[in-house]
2 protein chains.
Amino acid sequence: MRRADFKRKTRVIVVDDNYDHASGIRELINLEQDYEVIANAGNVNVAISLIKKYQPDIVLMDINMPETDGITAISEIEKLGLKTRIIALTGYDEADLIYRAMKIGAKGYILKTMASAQLIRALDEVSMGKIYLPSVLCSKFFEYFQAAERNEKAYNAAEDEENLLNYLTNREEEVLGLLTEGITYKGVAQQLFISETTVKTHVNNIFQKLQVNDRTQAVLYAINKGFSAKKKAKIA
Amino acid sequence: MRRADFKRKTRVIVVDDNYDHASGIRELINLEQDYEVIANAGNVNVAISLIKKYQPDIVLMDINMPETDGITAISEIEKLGLKTRIIALTGYDEADLIYRAMKIGAKGYILKTMASAQLIRALDEVSMGKIYLPSVLCSKFFEYFQAAERNEKAYNAAEDEENLLNYLTNREEEVLGLLTEGITYKGVAQQLFISETTVKTHVNNIFQKLQVNDRTQAVLYAINKGFSAKKKAKIA
DNA sequence: CGTTTTCTAAATCTTTAGATCTAGTACTTA
DNA sequence: TAAGTACTAGATCTAAAGATTTAGAAAACG
């Protein structure tokens with residue numbers, strides 16, 4: 001699956017504050033005919049300027065650097081909007097590191113302790129536009145991912161002990177929807193083609209049902225219960 | 001890595017509306033000494049009652065069922081809060097299906113077209129508490145996952161063209177913070193130990209800086225810019 | 001068919017909210 | 001020291017917002 005000889009080599013930049021390690025990787029990669037390391041960077045700032053300048057195909061980014069943390073570095077590089085693909089390289093297989101790296105756009109994640117064949121395989125996969133995450137790390141990722149989702153769900157569930165929005169009538173929902181856009185009673189009346197007094201009637205009923213005292217509190221309640229999402233869904 | 005003979009077999013329930021297919025899986029699994037299929041279910045409702053009753057170790061869930069969709073089914077089962085682990089089983093490798101299944105807590109995802117060894121391997125991994133996602137599907141997952149994250153980022157970035165909140169003074173931020181709790185001017189005055197007219201002065205300045213006309217709009221602006229998060233961070 | 005909801009709307013009144021202008025004090029900075 | 005900024009606060013208005021009561025018409029429900 002390697003590229004044919006007549007194609008230009010895949011250009012790689014290695015970012016690692018440990019010079020020996022970076023050199024090791026460089027030699028390892030340069031043994032491969034399909035790849036060439038065009039630069040090394042010992043810190044994030046140098047790395048970013050090199051990446052801007054050479055726009056490499058792949059960046060091998062060490063995450064465990066003292067000054068700037070590698071996660072932020074990946075984020076910075078991704079912001080540049082280049083075609084450059086980033087593979088995270090680290091000594092630790094911590095689930096949250098893997099999660100964060102992949103979340104912000106890393107195309108691969110490998111451990112320094114892994115065999116060199118893994119590194120080359122990662123380069124192969126990623127240079128073809130695929131994601132490379134060894135199954136062990138994939139497991140770790142999902143540990144964190146699913147835990148995060150569970151927490152989110154638990155959080156939302158805690159919020160809807162009782163969703164008073166369910167007691168609103170259709171019309172009241174419409175009125176509340178306009179209130180959550182910061183529209184005045186007069187504006188609501190015009191948009192719904194009803195009188196302002198009718199709007200006030202609806203609003204008062206809404207206040208009672210939501211157990212609040214004014215529009216601001218009603219809007220806050222609605223937003224906390226995810227009302228805006230519901231409203232957007234209706235419009236679409 | 002299989003369980004020793006003296007351990008009880010891992011109990012599996014197969015959910016598939018296609019009877020032939022379900023039978024095939026059943027026979028395949030029953031060939032393994034470590035597993036036994038204790039029930040088949042042809043639709044989601046039956047499946048859920050069986051799962052409640054027998055609390056199997058693993059559920060093999062077909063996602064492509066006509067009546068209820070399998071994603072919802074997984075979600076329902078997860079809500080039960082059992083130790084039961086779910087492996088999604090489907091004919092298609094659509095990225096969004098994989099993403100959604102894993103997001104709501106599936107412990108594995110395999111294709112019907114995959115070799116039977118894959119199925120057994122998935123059972124082995126998942127019964128040991130690990131996640132099983134073949135690398136092809138893992139790639140698909142990340143395609144969707146990273147695209148979703150990118151969209152989220154783009155969405156947030158679009159919002160911060162300019163954050164007018166940055167122009168607020170400390171006191172104005174405090175006042176706005178209280179407004180976002182739905183507190184009245186009089187209440188704000190009491191909490192900050194200043195007069196109500198002072199509050200009004202601050203609020204008017206806030207309106208001008210945020211380019212809004214009333215408190216509701218100010219609160220909405222603040223929330224959209226993530227003001228509440230900032231406020232909570234300050235408190236903590 | 002009667003009852004209940006929902007949506008509509010008016011009248012009336014009190015209370016906030018919001019706009020505007022002025023102004024004193026304190027602190028910072030050129 | 002003069003100028004600017006932030007915080008304070010008063011007076012004075014107008015315009016909304018909110019509370020409350022009553023009530024008609026249409027639809028839904030038992």
# chains A, B, ... in the order shown; residues from 1 in each chain; ligands from 1
$ interface_residues --of "chain B" --to "chain D" --cutoff "10 Å" --atoms "only C-alpha atoms (C1' of nucleotides)" --output "list in words"
Thr169, Asn170, Arg171, Glu172, Ile194, Ser195, Glu196, Thr197, Thr198, Val199, Thr201 and His202 of chain B
$ select_by_dssp --residues "range 8-205 of chain A" --states "helix (DSSP H, G or I)" --output "number ranges by chain"
A: 19-30, 44-54, 70-79, 95-103, 116-127, 135-159, 164-167, 170-179, 185-192, 196-205
$ select_by_dssp --residues "range 43-204 of chain A" --states "strand (DSSP E)" --output "PDB file with C-alpha atoms, in the first residue's frame"
ATOM      1  CA  ILE A  58       2.431  14.939   8.581  1.00  0.00           C
ATOM      2  CA  VAL A  59       3.504  16.256  11.964  1.00  0.00           C
ATOM      3  CA  LEU A  60       4.663  13.860  14.662  1.00  0.00           C
ATOM      4  CA  MET A  61       3.892  15.713  17.851  1.00  0.00           C
ATOM      5  CA  ASP A  62       5.211  14.763  21.242  1.00  0.00           C
ATOM      6  CA  ARG A  85      -2.135  15.831   9.520  1.00  0.00           C
ATOM      7  CA  ILE A  86      -1.009  15.424  13.095  1.00  0.00           C
ATOM      8  CA  ILE A  87      -0.035  12.227  14.840  1.00  0.00           C
ATOM      9  CA  ALA A  88       0.291  12.464  18.600  1.00  0.00           C
ATOM     10  CA  LEU A  89       3.224  10.728  20.177  1.00  0.00           C
ATOM     11  CA  THR A  90       3.484  10.196  23.884  1.00  0.00           C
ATOM     12  CA  GLY A 108      -3.344   9.260  14.999  1.00  0.00           C
ATOM     13  CA  TYR A 109      -2.010   8.485  18.430  1.00  0.00           C
ATOM     14  CA  ILE A 110       0.880   6.188  19.223  1.00  0.00           C
ATOM     15  CA  LEU A 111       3.018   5.417  22.210  1.00  0.00           C
TER      16      LEU A 111
END
$ interface_residues --of "chain B" --to "chain A" --cutoff "6 Å" --atoms "only C-alpha atoms" --output "number ranges by chain"
B: 131, 139, 182, 216-217
$ write_last_selection --atoms "N, CA and C atoms" --output "tab-separated table (two decimals), in the first residue's frame"
chain	number	residue	atom	x	y	z
B	131	ILE	N	-13.62	-2.52	24.97
B	131	ILE	CA	-14.42	-2.06	23.84
B	131	ILE	C	-13.94	-2.79	22.60
B	139	SER	N	-12.04	3.96	12.29
B	139	SER	CA	-11.78	5.07	11.37
B	139	SER	C	-13.06	5.82	11.05
B	182	GLY	N	-31.85	36.26	36.87
B	182	GLY	CA	-33.25	36.63	36.91
B	182	GLY	C	-33.61	37.51	38.11
B	216	THR	N	-33.59	41.29	28.99
B	216	THR	CA	-33.70	39.95	28.41
B	216	THR	C	-32.67	39.76	27.31
B	217	GLN	N	-32.56	40.75	26.45
B	217	GLN	CA	-31.58	40.64	25.37
B	217	GLN	C	-30.15	40.61	25.92
$ interface_residues --of "chain C" --to "chain A" --cutoff "10 Å" --atoms "only C-alpha atoms (C1' of nucleotides)" --output "JSON, numbers by chain"
{"C": [5, 6, 7, 8, 9, 10]}
$ residues_around --residues "Lys9 in chain A" --least-positions-apart "4" --cutoff "7 Å" --atoms "only C-alpha atoms (C1' of nucleotides)" --output "PyMOL selection string"
chain A and resi 34-36
$ write_last_selection --atoms "C-alpha atoms" --output "short mmCIF file (atom, residue, chain, number, x, y, z; two decimals), in the first residue's frame"
data_model
loop_
_atom_site.label_atom_id
_atom_site.label_comp_id
_atom_site.auth_asym_id
_atom_site.auth_seq_id
_atom_site.Cartn_x
_atom_site.Cartn_y
_atom_site.Cartn_z
CA ASP A 34 8.24 6.89 1.11
CA TYR A 35 8.98 9.37 3.85
CA GLU A 36 11.42 12.08 4.65
#
$ residues_around --residues "Leu165 in chain A" --least-positions-apart "3" --cutoff "9 Å" --atoms "only C-alpha atoms (C1' of nucleotides)" --output "ChimeraX atom specification"
/A:162,168-169,173,206,209-210,221-222,225,227
$ residues_around --residues "range 23-27 of chain A" --least-positions-apart "5" --cutoff "10 Å" --atoms "only C-alpha atoms (C1' of nucleotides)" --output "list in words"
Val12, Ile13, Val14, Asp16, Asn18, Glu32, Tyr35, Glu36, Val37, Ile38, Ala39, Asn40, Leu60, Lys112, Ser116 and Leu119 of chain A
$ write_last_selection --atoms "all heavy atoms" --output "compact mmCIF listing (two decimals), in the first residue's frame"
# COMPACT_ATOMS: atom_id res chain seq x y z
N VAL A 12 7.59 14.96 6.51
CA VAL A 12 7.25 14.85 7.93
C VAL A 12 8.05 15.85 8.75
O VAL A 12 9.24 16.07 8.48
CB VAL A 12 7.54 13.43 8.44
CG1 VAL A 12 7.19 13.31 9.93
CG2 VAL A 12 6.78 12.38 7.63
N ILE A 13 7.41 16.46 9.72
CA ILE A 13 8.13 17.26 10.71
C ILE A 13 7.95 16.61 12.07
O ILE A 13 6.83 16.21 12.43
CB ILE A 13 7.62 18.72 10.74
CG1 ILE A 13 8.16 19.47 9.52
CG2 ILE A 13 8.06 19.42 12.03
CD1 ILE A 13 7.75 20.93 9.45
N VAL A 14 9.05 16.47 12.80
CA VAL A 14 9.01 15.84 14.12
C VAL A 14 9.13 16.92 15.19
O VAL A 14 10.03 17.74 15.15
CB VAL A 14 10.16 14.83 14.28
CG1 VAL A 14 10.13 14.22 15.69
CG2 VAL A 14 10.06 13.74 13.22
N ASP A 16 9.66 17.30 19.10
CA ASP A 16 10.00 16.61 20.34
C ASP A 16 11.12 17.39 21.03
O ASP A 16 12.09 17.77 20.39
CB ASP A 16 10.47 15.18 20.03
CG ASP A 16 10.45 14.30 21.28
OD1 ASP A 16 10.72 14.81 22.38
OD2 ASP A 16 10.14 13.10 21.13
N ASN A 18 13.02 16.30 23.29
CA ASN A 18 14.17 15.43 23.54
C ASN A 18 14.90 15.20 22.22
O ASN A 18 14.42 14.50 21.34
CB ASN A 18 13.68 14.10 24.14
CG ASN A 18 14.83 13.17 24.44
OD1 ASN A 18 15.87 13.21 23.77
ND2 ASN A 18 14.65 12.32 25.43
N GLU A 32 12.76 4.71 5.53
CA GLU A 32 11.64 4.38 4.64
C GLU A 32 11.75 5.22 3.37
O GLU A 32 11.99 6.43 3.44
CB GLU A 32 10.31 4.71 5.33
CG GLU A 32 10.07 3.93 6.61
CD GLU A 32 9.88 2.44 6.34
OE1 GLU A 32 9.12 2.12 5.40
OE2 GLU A 32 10.49 1.63 7.05
N TYR A 35 9.05 8.22 2.94
CA TYR A 35 8.98 9.37 3.85
C TYR A 35 10.30 10.08 3.99
O TYR A 35 11.36 9.49 3.85
CB TYR A 35 8.51 8.89 5.24
CG TYR A 35 7.17 8.22 5.20
CD1 TYR A 35 7.06 6.82 5.18
CD2 TYR A 35 6.01 8.98 5.16
CE1 TYR A 35 5.83 6.21 5.13
CE2 TYR A 35 4.75 8.37 5.09
CZ TYR A 35 4.67 6.98 5.08
OH TYR A 35 3.45 6.38 5.01
N GLU A 36 10.21 11.36 4.30
CA GLU A 36 11.42 12.08 4.65
C GLU A 36 11.09 13.08 5.74
O GLU A 36 10.06 13.75 5.71
CB GLU A 36 12.01 12.80 3.43
CG GLU A 36 11.09 13.82 2.83
CD GLU A 36 11.75 14.59 1.69
OE1 GLU A 36 12.99 14.68 1.69
OE2 GLU A 36 11.01 15.10 0.82
N VAL A 37 11.96 13.15 6.73
CA VAL A 37 11.79 14.14 7.78
C VAL A 37 12.44 15.42 7.30
O VAL A 37 13.63 15.47 7.08
CB VAL A 37 12.43 13.67 9.10
CG1 VAL A 37 12.35 14.77 10.15
CG2 VAL A 37 11.75 12.41 9.60
N ILE A 38 11.63 16.45 7.10
CA ILE A 38 12.20 17.68 6.55
C ILE A 38 12.63 18.64 7.64
O ILE A 38 13.34 19.61 7.38
CB ILE A 38 11.19 18.39 5.62
CG1 ILE A 38 9.89 18.69 6.37
CG2 ILE A 38 10.92 17.53 4.40
CD1 ILE A 38 8.91 19.52 5.58
N ALA A 39 12.21 18.40 8.87
CA ALA A 39 12.64 19.29 9.97
C ALA A 39 12.34 18.67 11.31
O ALA A 39 11.46 17.83 11.45
CB ALA A 39 11.96 20.64 9.84
N ASN A 40 13.11 19.12 12.30
CA ASN A 40 12.84 18.79 13.70
C ASN A 40 12.53 20.08 14.43
O ASN A 40 13.07 21.12 14.08
CB ASN A 40 14.09 18.17 14.35
CG ASN A 40 14.15 16.67 14.15
OD1 ASN A 40 13.44 16.13 13.30
ND2 ASN A 40 15.01 16.02 14.92
N LEU A 60 4.60 14.78 13.52
CA LEU A 60 4.66 13.86 14.66
C LEU A 60 4.87 14.71 15.89
O LEU A 60 5.92 15.34 16.07
CB LEU A 60 5.83 12.89 14.49
CG LEU A 60 5.53 11.62 13.73
CD1 LEU A 60 6.81 10.81 13.52
CD2 LEU A 60 4.51 10.77 14.48
N LYS A 112 5.33 5.93 22.55
CA LYS A 112 6.76 5.84 22.28
C LYS A 112 7.27 4.43 22.54
O LYS A 112 8.27 4.00 21.96
CB LYS A 112 7.52 6.82 23.18
CG LYS A 112 7.28 8.28 22.80
CD LYS A 112 8.04 9.22 23.71
CE LYS A 112 7.85 10.66 23.26
NZ LYS A 112 8.53 11.61 24.16
N SER A 116 8.68 0.16 16.38
CA SER A 116 8.85 1.15 15.30
C SER A 116 7.94 0.84 14.12
O SER A 116 7.55 1.74 13.38
CB SER A 116 10.31 1.17 14.86
OG SER A 116 10.68 -0.11 14.37
N LEU A 119 4.93 2.86 14.22
CA LEU A 119 5.09 4.24 13.77
C LEU A 119 4.94 4.34 12.27
O LEU A 119 4.21 5.20 11.76
CB LEU A 119 6.48 4.75 14.21
CG LEU A 119 6.86 6.14 13.71
CD1 LEU A 119 5.90 7.18 14.23
CD2 LEU A 119 8.29 6.48 14.13
